[in-house]
Each structure stands twice: as structure tokens, then as C-alpha cells.
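With compact mmCIF, C-alpha atoms inside, this is model-v1.txt:
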# COMPACT_ATOMS: atom_id res chain seq x y z
CA MET C 5 -158.03 19.00 -115.25
CA ILE C 6 -155.31 19.47 -112.65
CA LYS C 7 -152.42 21.54 -114.05
CA THR C 8 -148.83 20.31 -113.97
CA SER C 9 -147.90 23.24 -111.73
CA GLU C 10 -150.21 21.90 -109.00
CA TYR C 11 -148.54 18.47 -109.05
CA ILE C 12 -145.15 20.17 -108.79
CA LYS C 13 -146.32 22.19 -105.77
CA ARG C 14 -147.62 19.05 -104.09
CA ARG C 15 -144.24 17.40 -104.48
CA GLN C 16 -142.52 20.50 -103.15
CA GLN C 17 -144.82 20.54 -100.13
CA LEU C 18 -144.10 16.88 -99.41
CA MET C 19 -140.33 17.46 -99.65
CA LYS C 20 -140.59 20.34 -97.22
CA ILE C 21 -142.38 18.13 -94.71
CA ALA C 22 -139.97 15.21 -95.21
CA GLY C 23 -136.89 17.36 -94.56
CA ALA C 24 -133.72 18.43 -96.36
CA ASN C 25 -131.72 15.21 -95.81
CA SER C 26 -134.52 12.87 -96.83
CA ILE C 27 -135.42 10.85 -99.89
CA THR C 28 -139.05 9.97 -100.63
CA LEU C 29 -139.87 6.92 -102.72
CA LEU C 30 -143.27 5.95 -104.12
CA GLY C 31 -143.95 3.08 -106.45
CA SER C 32 -146.77 2.95 -108.99
CA ARG C 33 -149.53 0.38 -108.83
CA PRO C 34 -148.71 -2.78 -110.80
CA GLU C 35 -150.91 -4.22 -113.51
CA TYR C 36 -153.12 -7.12 -112.48
CA LEU C 37 -154.34 -10.08 -114.49
CA ARG C 38 -158.09 -10.55 -114.66
CA ASN C 39 -157.81 -14.03 -116.13
CA GLY C 40 -155.50 -15.78 -118.55
CA ASP C 41 -153.44 -13.07 -120.22
CA VAL C 42 -156.15 -10.39 -119.92
CA HIS C 43 -155.41 -7.48 -117.58
CA TYR C 44 -157.83 -5.39 -115.60
CA GLY C 45 -158.09 -1.83 -116.90
CA TYR C 46 -155.18 0.06 -115.38
CA ARG C 47 -155.82 2.56 -112.60
CA GLN C 48 -152.89 4.29 -110.94
CA ASP C 49 -152.37 4.27 -107.17
CA SER C 50 -154.18 7.36 -105.85
CA ASP C 51 -151.25 8.66 -103.78
CA PHE C 52 -148.87 8.22 -106.71
CA TYR C 53 -151.29 9.98 -109.04
CA TYR C 54 -151.89 12.79 -106.52
CA LEU C 55 -148.18 13.62 -106.62
CA SER C 56 -147.49 12.98 -110.30
CA GLY C 57 -150.58 12.94 -112.52
CA PHE C 58 -148.82 9.99 -114.16
CA ASN C 59 -150.98 7.02 -115.16
CA GLU C 60 -148.62 4.24 -116.23
CA PRO C 61 -147.35 1.16 -114.37
CA ASP C 62 -143.68 0.34 -113.75
CA ALA C 63 -142.78 3.75 -112.35
CA VAL C 64 -141.07 5.05 -109.21
CA LEU C 65 -141.32 8.61 -107.93
CA VAL C 66 -138.20 9.97 -106.17
CA LEU C 67 -138.07 13.23 -104.24
CA LEU C 68 -134.66 14.58 -103.22
CA PRO C 69 -134.94 17.98 -101.49
CA GLY C 70 -131.18 18.02 -100.83
CA ASN C 71 -130.23 17.58 -104.48
CA ARG C 72 -129.29 20.82 -106.25
CA THR C 73 -130.50 19.98 -109.73
CA GLU C 74 -132.65 16.82 -109.63
CA LYS C 75 -135.09 17.21 -106.76
CA GLN C 76 -138.07 15.61 -108.51
CA VAL C 77 -137.21 12.45 -110.42
CA LEU C 78 -139.32 9.82 -112.15
CA PHE C 79 -138.26 6.35 -113.22
CA CYS C 80 -140.64 5.07 -115.88
CA ARG C 81 -140.84 2.88 -118.95
CA GLU C 82 -139.04 4.25 -121.97
CA ALA C 83 -141.32 4.76 -124.95
CA ASP C 84 -141.20 1.55 -127.01
CA PRO C 85 -142.44 1.72 -130.63
CA LYS C 86 -143.43 -1.97 -130.62
CA LYS C 87 -145.41 -1.64 -127.38
CA ILE C 88 -147.00 1.58 -128.63
CA MET C 89 -148.17 -0.30 -131.73
CA TRP C 90 -150.01 -2.83 -129.53
CA ASP C 91 -151.15 -0.77 -126.52
CA GLY C 92 -151.11 2.88 -127.57
CA PRO C 93 -149.14 5.99 -126.52
CA MET C 94 -146.48 5.92 -123.80
CA VAL C 95 -145.10 8.95 -121.97
CA GLY C 96 -141.45 7.92 -121.91
CA THR C 97 -138.65 9.65 -120.01
CA GLN C 98 -138.61 12.80 -122.13
CA GLY C 99 -142.38 13.12 -121.84
CA ALA C 100 -142.12 12.85 -118.04
CA VAL C 101 -139.86 15.91 -118.02
CA ASP C 102 -141.70 17.86 -120.70
CA HIS C 103 -145.29 17.24 -119.61
CA TYR C 104 -145.20 16.23 -115.92
CA GLY C 105 -142.73 18.75 -114.56
CA PHE C 106 -139.99 16.39 -113.37
CA ASP C 107 -136.42 17.64 -113.17
CA ALA C 108 -135.18 14.36 -114.59
CA ALA C 109 -136.53 11.00 -115.72
CA TYR C 110 -134.76 7.70 -116.24
CA ASP C 111 -135.62 4.36 -117.76
CA ILE C 112 -137.10 2.05 -115.10
CA LYS C 113 -134.62 -0.59 -116.28
CA GLU C 114 -131.82 1.54 -114.81
CA ILE C 115 -133.33 1.87 -111.35
CA ASP C 116 -131.29 -0.84 -109.60
CA ARG C 117 -128.07 0.80 -110.78
CA ARG C 118 -129.07 4.40 -110.09
CA MET C 119 -131.01 4.12 -106.83
CA PRO C 120 -128.05 3.27 -104.55
CA LEU C 121 -126.34 6.41 -105.83
CA LEU C 122 -129.41 8.52 -105.09
CA LEU C 123 -129.88 6.97 -101.64
CA GLU C 124 -126.26 7.40 -100.62
CA GLY C 125 -125.78 10.27 -98.20
CA CYS C 126 -129.49 10.61 -97.40
CA GLU C 127 -130.26 10.30 -93.70
CA LYS C 128 -133.95 9.38 -93.93
CA VAL C 129 -135.96 7.25 -96.34
CA CYS C 130 -139.67 8.09 -96.57
CA PHE C 131 -142.03 5.57 -98.17
CA LYS C 132 -145.41 3.92 -97.65
CA ILE C 133 -144.47 1.39 -94.98
CA GLY C 134 -146.66 -1.69 -95.06
CA ASP C 135 -148.10 -0.90 -98.48
CA ASN C 136 -146.10 -3.08 -100.90
CA ASN C 137 -143.75 -5.81 -99.67
CA ASP C 138 -142.07 -6.27 -103.05
CA PHE C 139 -141.20 -2.57 -103.20
CA HIS C 140 -139.94 -2.68 -99.61
CA GLN C 141 -137.59 -5.52 -100.50
CA ARG C 142 -136.19 -3.54 -103.42
CA ILE C 143 -135.50 -0.59 -101.12
CA ALA C 144 -133.70 -2.96 -98.76
CA LEU C 145 -131.58 -4.28 -101.63
CA TRP C 146 -130.63 -0.77 -102.72
CA ILE C 147 -129.54 0.11 -99.20
CA LYS C 148 -127.63 -3.13 -98.88
CA ALA C 149 -125.79 -2.31 -102.10
CA ILE C 150 -124.54 0.89 -100.44
CA GLU C 151 -123.50 -0.86 -97.25
CA THR C 152 -121.60 -3.62 -99.02
CA ARG C 153 -119.82 -1.48 -101.59
CA GLN C 154 -116.14 -2.38 -101.41
CA GLY C 155 -113.30 0.13 -101.33
CA GLN C 156 -115.54 3.12 -100.66
CA LYS C 157 -116.74 4.95 -97.60
CA SER C 158 -120.47 4.84 -98.19
CA LYS C 159 -123.18 6.19 -95.93
CA ALA C 160 -126.53 4.46 -96.11
CA PRO C 161 -129.74 5.93 -94.67
CA GLU C 162 -130.44 4.87 -91.08
CA GLU C 163 -133.85 6.43 -90.49
CA PHE C 164 -137.10 5.24 -92.04
CA MET C 165 -140.40 7.12 -92.03
CA SER C 166 -143.86 6.17 -93.24
CA ILE C 167 -145.06 8.88 -95.60
CA SER C 168 -148.65 7.64 -96.03
CA HIS C 169 -150.21 9.72 -93.28
CA VAL C 170 -148.50 12.89 -94.54
CA ILE C 171 -149.81 12.39 -98.08
CA HIS C 172 -153.28 11.54 -96.82
CA ASP C 173 -153.40 14.67 -94.70
CA MET C 174 -152.50 16.71 -97.80
CA ARG C 175 -155.22 14.97 -99.81
CA LEU C 176 -157.86 15.72 -97.18
CA TYR C 177 -157.90 19.43 -98.10
CA LYS C 178 -159.12 19.98 -101.64
CA SER C 179 -157.73 22.70 -103.91
CA PRO C 180 -160.00 24.81 -106.18
CA ALA C 181 -158.98 22.62 -109.13
CA GLU C 182 -159.88 19.48 -107.21
CA ILE C 183 -163.26 20.93 -106.26
CA LYS C 184 -163.92 21.61 -109.95
CA CYS C 185 -163.13 17.99 -110.79
CA LEU C 186 -165.39 16.74 -107.99
CA LYS C 187 -168.19 19.03 -109.16
CA LYS C 188 -167.78 17.86 -112.77
CA SER C 189 -167.88 14.26 -111.61
CA ALA C 190 -171.03 14.96 -109.59
CA ASP C 191 -172.68 16.73 -112.54
CA ILE C 192 -172.05 13.74 -114.80
CA ALA C 193 -173.42 11.31 -112.22
CA ALA C 194 -176.44 13.53 -111.48
CA ALA C 195 -177.38 13.60 -115.16
CA ALA C 196 -177.03 9.81 -115.26
CA HIS C 197 -179.42 9.51 -112.31
CA ILE C 198 -181.95 11.71 -114.13
CA ARG C 199 -181.60 9.54 -117.21
CA MET C 200 -182.36 6.43 -115.13
CA MET C 201 -185.44 8.10 -113.63
CA GLN C 202 -186.69 9.06 -117.09
CA SER C 203 -186.21 5.58 -118.55
CA CYS C 204 -187.52 3.56 -115.61
CA GLN C 205 -190.59 1.37 -116.27
CA ALA C 206 -192.15 -1.62 -114.58
CA GLY C 207 -191.20 -4.84 -116.35
CA GLN C 208 -187.65 -3.69 -117.05
CA TYR C 209 -184.71 -5.14 -115.18
CA GLU C 210 -182.27 -3.44 -112.87
CA TYR C 211 -179.57 -3.88 -115.49
CA ASP C 212 -181.62 -1.87 -117.98
CA LEU C 213 -181.18 1.14 -115.69
CA GLN C 214 -177.50 0.31 -115.33
CA ALA C 215 -177.18 0.35 -119.12
CA GLU C 216 -178.61 3.88 -119.24
CA TYR C 217 -176.20 4.95 -116.51
CA SER C 218 -173.17 3.42 -118.22
CA LYS C 219 -174.07 4.89 -121.60
CA HIS C 220 -174.27 8.38 -120.14
CA LEU C 221 -170.93 8.11 -118.35
CA ILE C 222 -169.11 6.74 -121.37
CA SER C 223 -170.55 9.47 -123.60
CA HIS C 224 -169.10 12.05 -121.19
CA ARG C 225 -165.59 10.58 -121.08
CA SER C 226 -166.19 9.16 -117.63
CA HIS C 227 -166.67 5.81 -115.97
CA SER C 228 -168.10 4.41 -112.78
CA SER C 229 -166.26 5.29 -109.57
CA TYR C 230 -167.49 2.00 -108.03
CA PRO C 231 -169.79 -0.87 -109.04
CA PRO C 232 -173.28 0.69 -109.12
CA ILE C 233 -175.98 -0.48 -106.74
CA ILE C 234 -179.38 -0.71 -108.43
CA GLY C 235 -181.65 -2.41 -105.94
CA SER C 236 -185.40 -2.61 -106.48
CA GLY C 237 -187.88 -3.73 -103.84
CA GLU C 238 -186.26 -5.87 -101.17
CA ASN C 239 -182.87 -5.48 -102.89
CA GLY C 240 -182.81 -1.88 -101.71
CA ASN C 241 -182.22 -3.21 -98.21
CA ILE C 242 -178.96 -4.90 -99.22
CA LEU C 243 -176.37 -2.20 -98.57
CA HIS C 244 -173.80 -3.44 -101.10
CA TYR C 245 -176.11 -5.12 -103.61
CA ILE C 246 -174.45 -5.25 -107.04
CA ASN C 247 -176.13 -8.15 -108.89
CA ASN C 248 -178.53 -5.71 -110.59
CA ASP C 249 -180.40 -8.53 -112.32
CA GLN C 250 -183.94 -8.51 -110.93
CA GLN C 251 -187.11 -7.31 -112.60
CA LEU C 252 -188.63 -3.95 -111.65
CA HIS C 253 -192.17 -4.26 -110.28
CA ASP C 254 -194.96 -1.71 -110.27
CA GLY C 255 -195.37 -0.32 -106.75
CA ASP C 256 -191.78 -0.95 -105.65
CA LEU C 257 -189.04 1.54 -104.91
CA VAL C 258 -185.65 1.33 -106.58
CA LEU C 259 -182.53 2.52 -104.74
CA ILE C 260 -179.66 3.57 -107.00
CA ASP C 261 -176.21 4.27 -105.56
CA ALA C 262 -174.04 5.23 -108.53
CA GLY C 263 -171.19 7.68 -109.01
CA ALA C 264 -168.82 8.79 -111.74
CA GLU C 265 -165.09 9.33 -111.95
CA TYR C 266 -163.72 12.38 -113.76
CA ASP C 267 -159.97 12.99 -114.06
CA TYR C 268 -159.56 10.48 -111.22
CA TYR C 269 -161.97 12.31 -108.86
CA ALA C 270 -165.04 10.45 -107.65
CA SER C 271 -168.66 11.31 -107.03
CA ASP C 272 -170.98 9.18 -104.90
CA ILE C 273 -174.72 9.80 -105.24
CA THR C 274 -177.73 7.79 -104.10
CA ARG C 275 -181.32 8.41 -105.08
CA THR C 276 -184.45 6.37 -104.36
CA PHE C 277 -187.61 6.61 -106.44
CA PRO C 278 -190.77 4.61 -107.30
CA VAL C 279 -190.59 2.29 -110.29
CA ASN C 280 -193.93 3.61 -111.57
CA GLY C 281 -192.98 7.25 -111.08
CA CYS C 282 -195.42 8.02 -108.26
CA PHE C 283 -194.74 7.63 -104.53
CA ASN C 284 -197.59 5.99 -102.64
CA ALA C 285 -198.57 7.28 -99.20
CA ARG C 286 -196.32 4.96 -97.17
CA GLN C 287 -193.35 5.46 -99.47
CA LYS C 288 -193.83 9.21 -99.26
CA ASP C 289 -193.99 9.18 -95.45
CA LEU C 290 -190.81 7.13 -95.08
CA TYR C 291 -188.98 9.04 -97.81
CA GLU C 292 -189.75 12.37 -96.14
CA VAL C 293 -188.15 11.13 -92.92
CA VAL C 294 -184.92 10.26 -94.74
CA LEU C 295 -184.96 13.52 -96.70
CA GLN C 296 -185.41 15.56 -93.53
CA ALA C 297 -182.62 13.58 -91.86
CA GLN C 298 -180.33 14.43 -94.75
CA THR C 299 -181.30 18.10 -94.65
CA ASP C 300 -180.57 18.25 -90.92
CA ALA C 301 -177.28 16.41 -91.39
CA ILE C 302 -176.11 18.70 -94.20
CA ASP C 303 -176.96 21.73 -92.06
CA ALA C 304 -174.62 20.31 -89.40
CA VAL C 305 -171.67 20.18 -91.85
CA GLN C 306 -169.98 23.34 -90.62
CA VAL C 307 -166.39 24.46 -90.17
CA GLY C 308 -165.54 23.73 -86.55
CA SER C 309 -168.12 21.00 -86.07
CA HIS C 310 -167.01 17.41 -85.55
CA TRP C 311 -167.32 14.38 -87.79
CA ASN C 312 -170.00 12.77 -85.62
CA ASP C 313 -172.16 15.93 -85.41
CA PHE C 314 -173.89 15.45 -88.76
CA HIS C 315 -174.29 11.73 -88.09
CA ASP C 316 -175.92 12.48 -84.74
CA ALA C 317 -178.24 14.96 -86.44
CA ALA C 318 -179.36 12.31 -88.94
CA VAL C 319 -179.81 9.68 -86.24
CA LYS C 320 -181.99 11.98 -84.15
CA THR C 321 -184.28 12.85 -87.07
CA ILE C 322 -184.55 9.24 -88.23
CA SER C 323 -185.30 8.04 -84.69
CA GLN C 324 -188.07 10.60 -84.27
CA GLY C 325 -189.45 9.71 -87.68
CA LEU C 326 -189.52 6.00 -86.89
CA LEU C 327 -191.34 6.80 -83.66
CA ASP C 328 -193.85 9.06 -85.39
CA LEU C 329 -194.64 6.30 -87.90
CA ASN C 330 -194.98 3.72 -85.08
CA ILE C 331 -192.25 1.56 -86.60
CA ILE C 332 -190.42 1.58 -83.25
CA LYS C 333 -191.66 2.25 -79.72
CA GLY C 334 -190.46 4.26 -76.74
CA SER C 335 -189.28 7.79 -76.09
CA LEU C 336 -186.71 9.57 -78.26
CA ALA C 337 -184.20 9.55 -75.40
CA GLN C 338 -184.70 5.81 -74.92
CA VAL C 339 -184.37 5.07 -78.64
CA LEU C 340 -181.12 7.05 -78.86
CA GLU C 341 -179.66 5.51 -75.73
CA GLU C 342 -180.57 1.93 -76.63
CA LYS C 343 -179.87 2.52 -80.35
CA THR C 344 -183.17 0.94 -81.31
CA TYR C 345 -182.98 2.90 -84.56
CA SER C 346 -180.03 0.74 -85.65
CA HIS C 347 -182.41 -2.06 -86.66
CA TYR C 348 -183.34 0.18 -89.58
CA TYR C 349 -180.36 2.54 -89.85
CA MET C 350 -177.12 0.68 -89.25
CA HIS C 351 -174.34 2.66 -90.97
CA MET C 352 -172.58 5.98 -90.51
CA THR C 353 -173.90 9.01 -92.34
CA GLY C 354 -170.91 9.68 -94.56
CA HIS C 355 -167.27 9.29 -95.54
CA TRP C 356 -164.50 11.38 -97.06
CA LEU C 357 -164.57 11.80 -100.83
CA GLY C 358 -161.84 12.62 -103.33
CA LEU C 359 -159.52 10.57 -105.52
CA ASP C 360 -161.03 7.52 -103.83
CA VAL C 361 -164.73 7.02 -103.21
CA HIS C 362 -163.95 6.22 -99.58
CA ASP C 363 -161.15 8.73 -99.54
CA CYS C 364 -158.19 8.79 -97.18
CA GLY C 365 -158.29 10.72 -93.92
CA ASP C 366 -158.85 10.01 -90.24
CA TYR C 367 -162.28 10.13 -88.64
CA ARG C 368 -160.95 9.96 -85.09
CA VAL C 369 -157.59 11.06 -83.66
CA ASP C 370 -156.61 10.11 -80.10
CA ASP C 371 -160.20 8.91 -79.57
CA LEU C 372 -161.59 12.33 -80.54
CA TRP C 373 -163.72 12.98 -83.61
CA VAL C 374 -161.97 14.99 -86.34
CA GLU C 375 -163.02 18.63 -86.65
CA LEU C 376 -164.34 19.69 -90.05
CA GLU C 377 -162.29 22.33 -91.87
CA ASP C 378 -162.59 24.46 -94.97
CA ASN C 379 -162.47 22.57 -98.29
CA MET C 380 -162.84 19.07 -96.93
CA VAL C 381 -165.33 17.04 -99.00
CA LEU C 382 -167.57 14.30 -97.66
CA THR C 383 -170.78 12.42 -98.37
CA VAL C 384 -174.02 12.73 -96.40
CA GLU C 385 -176.12 9.59 -96.82
CA PRO C 386 -178.78 8.70 -94.24
CA GLY C 387 -181.13 5.83 -94.94
CA ILE C 388 -183.89 3.61 -93.60
CA TYR C 389 -183.95 -0.08 -94.48
CA ILE C 390 -186.98 -2.18 -93.56
CA SER C 391 -186.45 -5.75 -94.67
CA GLU C 392 -189.25 -8.20 -95.36
CA HIS C 393 -187.82 -10.17 -92.44
CA SER C 394 -187.82 -7.28 -89.97
CA LYS C 395 -190.09 -6.87 -86.95
CA ALA C 396 -191.59 -3.66 -88.32
CA PRO C 397 -195.32 -3.53 -89.06
CA LYS C 398 -195.97 -5.42 -92.27
CA LYS C 399 -197.11 -2.36 -94.23
CA TRP C 400 -193.60 -0.88 -94.01
CA ARG C 401 -191.62 -3.96 -94.97
CA GLY C 402 -189.72 -4.27 -98.21
CA MET C 403 -188.72 -0.63 -98.48
CA GLY C 404 -185.11 0.57 -98.57
CA ILE C 405 -184.47 4.30 -98.90
CA ARG C 406 -181.15 6.16 -98.98
CA ILE C 407 -180.42 9.70 -100.15
CA GLU C 408 -176.77 10.60 -100.64
CA ASP C 409 -175.03 13.80 -101.71
CA ASP C 410 -171.46 15.04 -102.00
CA VAL C 411 -170.82 18.05 -99.76
CA GLN C 412 -167.97 20.55 -99.58
CA VAL C 413 -167.18 22.07 -96.19
CA THR C 414 -166.73 25.84 -96.50
CA LYS C 415 -166.50 28.81 -94.16
CA LYS C 416 -169.82 30.05 -95.57
CA GLY C 417 -171.57 26.75 -94.89
CA PRO C 418 -172.02 23.43 -96.70
CA VAL C 419 -172.02 23.37 -100.50
CA VAL C 420 -173.80 20.42 -102.11
CA LEU C 421 -171.72 19.50 -105.15
CA SER C 422 -174.31 16.95 -106.32
CA LYS C 423 -177.30 19.32 -106.12
CA ASN C 424 -178.23 18.69 -109.76
CA ALA C 425 -179.52 15.24 -108.85
CA PRO C 426 -183.20 15.80 -107.92
CA LYS C 427 -184.39 14.48 -104.55
CA GLN C 428 -187.60 16.36 -103.74
CA ILE C 429 -190.65 14.15 -104.27
CA ALA C 430 -192.35 16.63 -106.60
CA ASP C 431 -189.21 17.01 -108.72
CA ILE C 432 -188.71 13.25 -109.05
CA GLU C 433 -192.33 12.63 -110.01
CA HIS C 434 -192.23 15.48 -112.54
CA ILE C 435 -189.11 14.07 -114.20
CA MET C 436 -190.56 10.57 -114.33
CA ARG C 437 -193.81 11.77 -115.89
CA GLY C 438 -191.67 13.00 -118.79

Any chance you could give the structure as C-alpha cells?
Amino acid sequence: MIKTSEYIKRRQQLMKIAGANSITLLGSRPEYLRNGDVHYGYRQDSDFYYLSGFNEPDAVLVLLPGNRTEKQVLFCREADPKKIMWDGPMVGTQGAVDHYGFDAAYDIKEIDRRMPLLLEGCEKVCFKIGDNNDFHQRIALWIKAIETRQGQKSKAPEEFMSISHVIHDMRLYKSPAEIKCLKKSADIAAAAHIRMMQSCQAGQYEYDLQAEYSKHLISHRSHSSYPPIIGSGENGNILHYINNDQQLHDGDLVLIDAGAEYDYYASDITRTFPVNGCFNARQKDLYEVVLQAQTDAIDAVQVGSHWNDFHDAAVKTISQGLLDLNIIKGSLAQVLEEKTYSHYYMHMTGHWLGLDVHDCGDYRVDDLWVELEDNMVLTVEPGIYISEHSKAPKKWRGMGIRIEDDVQVTKKGPVVLSKNAPKQIADIEHIMRG
């Protein structure tokens, strides 16, 4: 769990960056209807949660570095006994001060009256420009209320700054507490992957494995960080396959891309294994290429290296492996230059990981790849996908293999947070033998 003191420090850091005469405004994520009068399960906006730890809708975060007494303010719903009876506990304004470290909290119903007073005299308004048009219009109305106030000399803000990039840059570097959450999330997901390996049998359906995965997450006070991909046979070649409704056949591989979310922090793990628990010769040969590509890519995750370095390492190993298996033709230099490998490996080798599965953060700045730094966290996920409709030799068709881990960048080298999920052939076969 992230302590309240860490949220307070994050808000202080953001105020320092925004400047003394600024005001920063962030709105919570609204609730959304699934159908009829049934809402989707509520999940707070990641930026809002990063700064507050607060997981209720109808809230606005206000940061006022120039205010002497109320620098960190939250507008939220007041605790309502009738609503609590129907929907459960509410934080309320007093709870926001007592448990979330805010200097002051006010009923969200008062925001239109109070906000012009808070905005008055501020020179710069910082908010997530382009993120929420309804919230932007409310800001405009608050400023207009200052400008049109009769009989008073009122100064409205004249400068506007997008705060998104600043928050996202803060989120890119993970604190020790965040790393612990990411590791816990990875541990939960890794155990779920093991459970799916242990339960897998020919004749089952993909959703039977998903049921094992879901049961494990729920029993560990967690839930899926994204819709799980459980693709057997040809379905393993569909990168974002989520139907998970086909039967598992003896002799096929099953590719499972499934993560967990713990205290809002995501894991993202992919493992591929044989339905019958034993890799055949061709599966083993192709799997070893992907595994070596991942090993080489993880080795390239070093402080000071660039984002594309570990991708290039994976591409080189996969290209050589495809050549060695006679799946593609030519020299290694030719394959890399012409990108022949992309018929079977068509995506990048990773993405940032954190509060979001595809976490915030730039990959390129001014047309240059971002340099990796201490305590960034990313995924490393090479794969080979040989569709039944590909031009590869027939004996290789129908196999999709991806191996994905969550990796922390450190000064001492890469740390695999998801290492508890087995990926060596011998380990997988041992687990599946029971």
C-alpha cells in the first residue's frame, strides 16, 4: 500500500513544478453506465489517483502553492447515510482531511461558489488540457464568474498550462513503495499462471483456464489488469484475442497473456505452453528462439541504454532463429534491412508499466529514443506468430508463442519482477506433470 505521506509529497512536488502563483485542477473520472441503470465497476483516473489515493467519483483536486493554509484541497461528495446504505462506505470531507492528507475538503456541491474565489489572484491555471471537455467548460465558467463580477476589482488567471506531461514524467519513475506494489501484482499473476498450467487438459475450453485465473486473483484481493488473452492453437496468433471460448486440443500450444492489478498497480505477463504438458520437437525449437530473444532483450535493459536497444536485441535473435529454422531465407543483414522478420514478429518488444498496463511516458522525444533510467519499469515481450495462412513451411504453421515479463531498470542491471512465473521448458513440463 502507498502511504498517505507519499501522496502528499507527490502533490508538493507538482506544486513546486507548477509555480507559486499557479492553481492546479484535476477532476476525477466519472461513473459510466454499462447498460440501463447498471454502472461499470468504478476505477479512478490514474493521474488523479496518483496524486490523491482517492477512489470516488465526483471529486476535484485543487493545488494552491500560494495559499498559506489550504495548499492541498479536495472537493468531494459529502458522506450521505442514505447512499451509504445502498452503495457502502463514503470518505466524505472530514475523511479526506483525516485519511488522505488534504489541508481542507469541501462538499462538491459547493464547488461552483468556491472555485472563483480560489482562482482569483492566481496567474496560471494548470490542468489536463484536451482530457475532459465538460471539465474544461466548468473551468471557463469559473473564470468568467471572476471577470464579470460587478463592483469589484477582480483578477482572473490569464495563463493556462497543460499539466499532463508533468504528471506523466513523475509517474515514469517508480518509488520503492510502487515497486513493492508492482512486485506484489506480478507475484499474484505469476501464481495464477502456474495454476492455469497445473489445471490445463485437452478437451477443456479456454474459458476453463480463465476461470482458474479469475478465482486465484479474486482470492488474493486482486482483479485483472486487462481482459486476459487465452489463445490456443491458431488463436495464439491473434494478438488481442479475448473471446476465450474455443476447445483445447492435444498437441496445440496455448498462449496466455494475463496480468493482475494490486492497489491500482498492474502486472502484465505472458506464458506459452503445450496443452498436453509436453513440448514436441518443433514447438521446443520455436519456443527456444523466443526465450533466447527475451533473454537477450532483458540483458539490454540497462541504465543509459535506449528504448529501442532491447527491441533491436530481440529482433536480431528472432531473425537469426527464423533463418536457422529455415522459416525465412536470406542473410541476417538482409532480413534486418528488409524487415522480413516482421511477417512473424510485428510488434514492439515492450511498453511502460505502472498504474496503467500501457503506462504513461514518452518513447521518443525530438525523434530520439528515450534513455532508460533507474527505477523505470517496462515489459519485455518478444514473440513469433506463424498463422495457418502464412507462407512459412507447413510444419511450423498454427503456432503462436510470446513470453512476457515485467522488468525494473536499476543501476545494478535489470530486475525481473515477474520471475516467479516459470518459462524454462523443463520447469513448465515439471509443473504440468503435477

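The neighbours of Leu243 (chain C) here are the residues that come within 9 Å of it, using all atoms listed in the file and leaving out any residue fewer than 3 positions away in the same chain; they are Ile233, Asn239, Gly240 and Tyr389 of chain C.
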
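For the residues C:Met5, C:Ile234, C:Ala318, C:Leu37, ranking by smallest atom-to-atom distance to Leu213 (chain C) using only C-alpha atoms places C:Ile234 first.
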
Against region 424-431 of chain C, which residues of region 262-317 of chain C fall within 8 Å? For each one I want the closest pair of atoms and the distance in Å (one decimal), counting only C-alpha atoms, rows by chain and increasing residue number, as CSV.
residue,atom,partner,partner_atom,distance
C:Arg275,CA,C:Lys427,CA,6.8
C:Phe283,CA,C:Ile429,CA,7.7
C:Lys288,CA,C:Ile429,CA,7.7
C:Leu295,CA,C:Lys427,CA,7.9

Residues near Gly57 (chain C), anyone? I mean within 8 Å using only C-alpha atoms, not counting same-chain ones fewer than 5 positions away, as number ranges by chain. C: 8, 11, 52, 104

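With all atoms listed in the file as the atoms that count, the minimum distance from Arg33 (chain C) to the choices C:Asp111, C:Asp116, C:Asp51, C:Glu433 is reached by C:Asp51.
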